[in-house]
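Novice: Structure provided below as structure tokens; questions to follow.
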Amino acid sequence: MESLDDVIDDLIADRVIRRHRRTWLIVIGVVVVLALVVLVTGGWKQRVGRAVPTYDAPATVAAGRWEFSFSKAEIIRTPKGEYSAAKAELRVYFDVRNIDTEEHKSNQVDPDVLRMVPGGGKELVRSNGASCRGESSWVIVYGLPPDSCFTKFEIEPDFTADQIEVGVLGEQYISDDGLMGANEDPYWHQPKAAAVVRLKPTVVVKDEEN
């Protein structure tokens, strides 16, 4: 039979173990919450702790096989017409140069490499690629001077902002893992966040559409 001193020692030990267990559970919970926050924000949806650099336009960003020189942004509004609803689009203007030193190939700017960052935990908005010289999906030739282009983002008719942010992703020249017959030769894919550019958009009102 245990003595009174042994019982007291066991009670004290049990309390110490429970206290440390509670502390470790709190620490583990905090780590899990922080990991979820980083996962949800994607590295650039929050200004605090953003994992990529942020620049104010005019700014030049080299990412993957492209070099973008951002200049300005416009919110283009079309008022409601007699037979049409009001609409708006966001245009971001830039010069783009093909810097594909790996393959030296001419190519189009993939819509996935330019994203509007709305903030507030909202999903990134995909661009429509690059429109240059009056044509959409213009092919940028390696070795030539930059082309002046713009990209469009879909926005709500009443969208307004003193400042917008554009995320730039760079495709990586890497191979697949080689498993199950996957391609072992490197190629451009798996775009990765490279930078965020801030622009102050001006508002342009187009003629009313009938």
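Ligands are numbered from 1 in the order shown, chains are lettered A, B, ... in the order of the structure tokens, and residues start at 1 in each chain.
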Taking 2 positions as the minimum chain separation for residues in the same chain, which residues sit within 12 Å of Tyr173 in chain A when counting only C-alpha atoms? Answer as a PyMOL selection string.
Specialist: chain A and resi 63-65+100-103+170-171+175-176+184-192
Novice: Residues of the last selection are to be written out with N, CA and C atoms, as a tab-separated table (two decimals), in the first residue's frame.
Specialist:
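Output contents, as saved in out_25.tsv:
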```tsv
chain	number	residue	atom	x	y	z
A	63	ALA	N	10.89	37.09	-65.09
A	63	ALA	CA	10.32	35.88	-64.48
A	63	ALA	C	10.20	34.81	-65.54
A	64	GLY	N	10.91	33.70	-65.34
A	64	GLY	CA	10.85	32.61	-66.31
A	64	GLY	C	11.41	33.03	-67.66
A	65	ARG	N	10.59	32.89	-68.70
A	65	ARG	CA	11.08	33.24	-70.05
A	65	ARG	C	10.65	34.63	-70.48
A	100	ASP	N	13.96	33.81	-73.25
A	100	ASP	CA	14.07	32.35	-73.18
A	100	ASP	C	15.44	31.90	-73.67
A	101	THR	N	16.44	31.97	-72.79
A	101	THR	CA	17.80	31.56	-73.16
A	101	THR	C	17.95	30.04	-73.18
A	102	GLU	N	16.94	29.31	-72.72
A	102	GLU	CA	17.02	27.85	-72.71
A	102	GLU	C	16.64	27.25	-74.06
A	103	GLU	N	15.54	27.72	-74.67
A	103	GLU	CA	15.04	27.14	-75.91
A	103	GLU	C	15.09	28.11	-77.09
A	170	GLY	N	6.68	33.13	-62.80
A	170	GLY	CA	7.69	32.70	-63.75
A	170	GLY	C	7.66	31.20	-63.95
A	171	GLU	N	7.51	30.78	-65.21
A	171	GLU	CA	7.57	29.36	-65.49
A	171	GLU	C	8.99	28.85	-65.22
A	175	SER	N	12.43	19.44	-65.42
A	175	SER	CA	11.86	18.20	-65.95
A	175	SER	C	10.81	17.67	-64.97
A	176	ASP	N	10.04	16.69	-65.46
A	176	ASP	CA	9.14	15.98	-64.57
A	176	ASP	C	9.97	15.04	-63.70
A	184	GLU	N	11.45	13.22	-68.82
A	184	GLU	CA	12.64	13.54	-68.03
A	184	GLU	C	13.41	14.71	-68.61
A	185	ASP	N	13.05	15.20	-69.79
A	185	ASP	CA	13.72	16.36	-70.37
A	185	ASP	C	13.12	17.64	-69.79
A	186	PRO	N	13.93	18.65	-69.47
A	186	PRO	CA	13.39	19.89	-68.92
A	186	PRO	C	12.58	20.67	-69.95
A	187	TYR	N	11.57	21.38	-69.48
A	187	TYR	CA	10.77	22.24	-70.34
A	187	TYR	C	10.11	23.30	-69.45
A	188	TRP	N	9.52	24.32	-70.07
A	188	TRP	CA	8.91	25.42	-69.31
A	188	TRP	C	7.53	25.00	-68.80
A	189	HIS	N	7.37	25.01	-67.49
A	189	HIS	CA	6.07	24.70	-66.88
A	189	HIS	C	6.13	25.05	-65.40
A	190	GLN	N	5.06	24.72	-64.68
A	190	GLN	CA	4.95	24.95	-63.24
A	190	GLN	C	5.31	26.39	-62.86
A	191	PRO	N	4.48	27.36	-63.29
A	191	PRO	CA	4.78	28.76	-62.93
A	191	PRO	C	4.80	28.97	-61.43
A	192	LYS	N	5.74	29.78	-61.00
A	192	LYS	CA	5.96	30.05	-59.58
A	192	LYS	C	5.93	31.54	-59.33
```
Novice: So which one's closest to Asn107 in chain A, A:Pro201, A:Pro157, A:Gly167, A:Gly129? Using only C-alpha atoms, please.
Specialist: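 Under the stated criterion, the closest residue is A:Gly129.
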Novice: Based on the backbone DSSP call, show me all residues of range 76-180 of chain A assigned strand (DSSP E or B), as number ranges by chain.
Specialist: A: 76-78, 87-98, 107-108, 114-116, 125-126, 131-132, 135-136, 139-140, 147-154, 164-174
Novice: If we count only C-alpha atoms and set the cut-off at 6 Å, which residues sit around Trp138 in chain A, ignoring sequence neighbours fewer than 4 positions away in its own chain? Please answer as a ChimeraX atom specification.
Specialist: /A:108,131-132
Novice: Could you save those same residues with all heavy atoms as a short mmCIF file (atom, residue, chain, number, x, y, z; two decimals), in the first residue's frame?
Specialist:
```cif
data_model
loop_
_atom_site.label_atom_id
_atom_site.label_comp_id
_atom_site.auth_asym_id
_atom_site.auth_seq_id
_atom_site.Cartn_x
_atom_site.Cartn_y
_atom_site.Cartn_z
N GLN A 108 3.75 32.75 -77.04
CA GLN A 108 2.75 33.67 -76.50
C GLN A 108 2.87 33.72 -74.98
O GLN A 108 3.30 32.75 -74.36
CB GLN A 108 1.34 33.22 -76.89
CG GLN A 108 1.11 33.11 -78.39
CD GLN A 108 -0.24 32.48 -78.71
OE1 GLN A 108 -0.95 32.03 -77.83
NE2 GLN A 108 -0.58 32.45 -79.98
N SER A 131 -2.04 41.30 -75.35
CA SER A 131 -2.48 41.84 -76.64
C SER A 131 -1.46 42.87 -77.09
O SER A 131 -1.19 43.84 -76.38
CB SER A 131 -3.87 42.49 -76.49
OG SER A 131 -4.83 41.53 -76.13
N CYS A 132 -0.91 42.65 -78.26
CA CYS A 132 0.15 43.53 -78.77
C CYS A 132 -0.15 43.88 -80.23
O CYS A 132 -0.67 43.04 -80.98
CB CYS A 132 1.52 42.85 -78.70
SG CYS A 132 1.83 41.93 -77.15
#
```
Novice: Any idea what's packed within 6 Å of Leu199 in chain A, counting only C-alpha atoms, ignoring anything in its chain fewer than 3 positions away? Could you give it as JSON, numbers by chain?
Specialist: {"A": [57, 163, 164]}
Novice: Just the selected residues (all heavy atoms), exported as a short mmCIF file (atom, residue, chain, number, x, y, z; two decimals), in the first residue's frame, please.
Specialist:
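As a result, out_22.cif now contains:
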```
data_model
loop_
_atom_site.label_atom_id
_atom_site.label_comp_id
_atom_site.auth_asym_id
_atom_site.auth_seq_id
_atom_site.Cartn_x
_atom_site.Cartn_y
_atom_site.Cartn_z
N ALA A 57 4.97 50.52 -59.82
CA ALA A 57 5.19 50.86 -61.23
C ALA A 57 5.62 52.32 -61.36
O ALA A 57 5.18 53.17 -60.57
CB ALA A 57 3.92 50.61 -62.02
N GLN A 163 -5.54 51.62 -56.00
CA GLN A 163 -4.32 50.89 -56.33
C GLN A 163 -4.68 49.43 -56.58
O GLN A 163 -5.51 48.86 -55.89
CB GLN A 163 -3.34 50.99 -55.16
CG GLN A 163 -2.05 50.21 -55.34
CD GLN A 163 -1.11 50.41 -54.16
OE1 GLN A 163 -0.32 51.34 -54.15
NE2 GLN A 163 -1.19 49.54 -53.17
N ILE A 164 -4.05 48.87 -57.62
CA ILE A 164 -4.24 47.44 -57.88
C ILE A 164 -2.88 46.75 -57.85
O ILE A 164 -1.84 47.39 -58.02
CB ILE A 164 -4.95 47.19 -59.23
CG1 ILE A 164 -4.14 47.76 -60.40
CG2 ILE A 164 -6.35 47.78 -59.22
CD1 ILE A 164 -3.38 46.74 -61.19
#
```
Novice: Pull the helix (DSSP H, G or I) assignments for range 68-194 of chain A out of DSSP run on the backbone, and list those residues as a PyMOL selection string.
Specialist: chain A and resi 111-113+179-181
Novice: Env of Ile99 in chain A: 10 Å cut, atoms = only C-alpha atoms, seq-sep filter 6 positions within chain, self excluded. Answer as a ChimeraX atom specification.
Specialist: /A:62-67,105-106,140-144,146
Novice: So that I have them on file, write out the residues from the current selection with C-alpha atoms, as a PDB file, in the first residue's frame.
Specialist:
```
ATOM      1  CA  ALA A  62      12.160  39.156 -65.083  1.00  0.00           C
ATOM      2  CA  ALA A  63      10.321  35.882 -64.484  1.00  0.00           C
ATOM      3  CA  GLY A  64      10.848  32.609 -66.310  1.00  0.00           C
ATOM      4  CA  ARG A  65      11.080  33.245 -70.047  1.00  0.00           C
ATOM      5  CA  TRP A  66       9.632  36.782 -69.927  1.00  0.00           C
ATOM      6  CA  GLU A  67      10.729  40.238 -68.878  1.00  0.00           C
ATOM      7  CA  LYS A 105      11.668  29.865 -79.000  1.00  0.00           C
ATOM      8  CA  SER A 106       9.024  32.404 -79.977  1.00  0.00           C
ATOM      9  CA  ILE A 140       6.823  37.324 -78.801  1.00  0.00           C
ATOM     10  CA  VAL A 141       9.968  36.510 -80.797  1.00  0.00           C
ATOM     11  CA  TYR A 142      13.164  35.670 -78.940  1.00  0.00           C
ATOM     12  CA  GLY A 143      16.008  38.110 -79.557  1.00  0.00           C
ATOM     13  CA  LEU A 144      13.843  41.044 -80.722  1.00  0.00           C
ATOM     14  CA  PRO A 146      10.340  44.425 -76.365  1.00  0.00           C
TER      15      PRO A 146
END
```
Novice: Calculate how many Å separate CA of Val109 in chain A from CA of Asp158 in chain A, rounding to one decimal.
Specialist: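 Calculated distance between CA of Val109 in chain A and CA of Asp158 in chain A is 28.4 Å.
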Novice: Tell me, in Å to one decimal, how far CA of Cys149 in chain A is from CA of Tyr93 in chain A.
Specialist: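 About the pair CA of Cys149 in chain A and CA of Tyr93 in chain A: they are 5.9 Å apart.
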Novice: In terms of the shortest atom-to-atom distance over only C-alpha atoms, which of A:Ala88, A:Ser137, A:Gly120, A:Gln172 is closest to Ile75 in chain A?
Specialist: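 Comparing A:Ala88, A:Ser137, A:Gly120, A:Gln172 against Ile75 in chain A, the winner is A:Ala88.
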Novice: Can you work out the spacing between CA of Val197 in chain A and CA of Glu165 in chain A in Å, to one decimal?
Specialist: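 Separation of CA of Val197 in chain A and CA of Glu165 in chain A: 5.6 Å.
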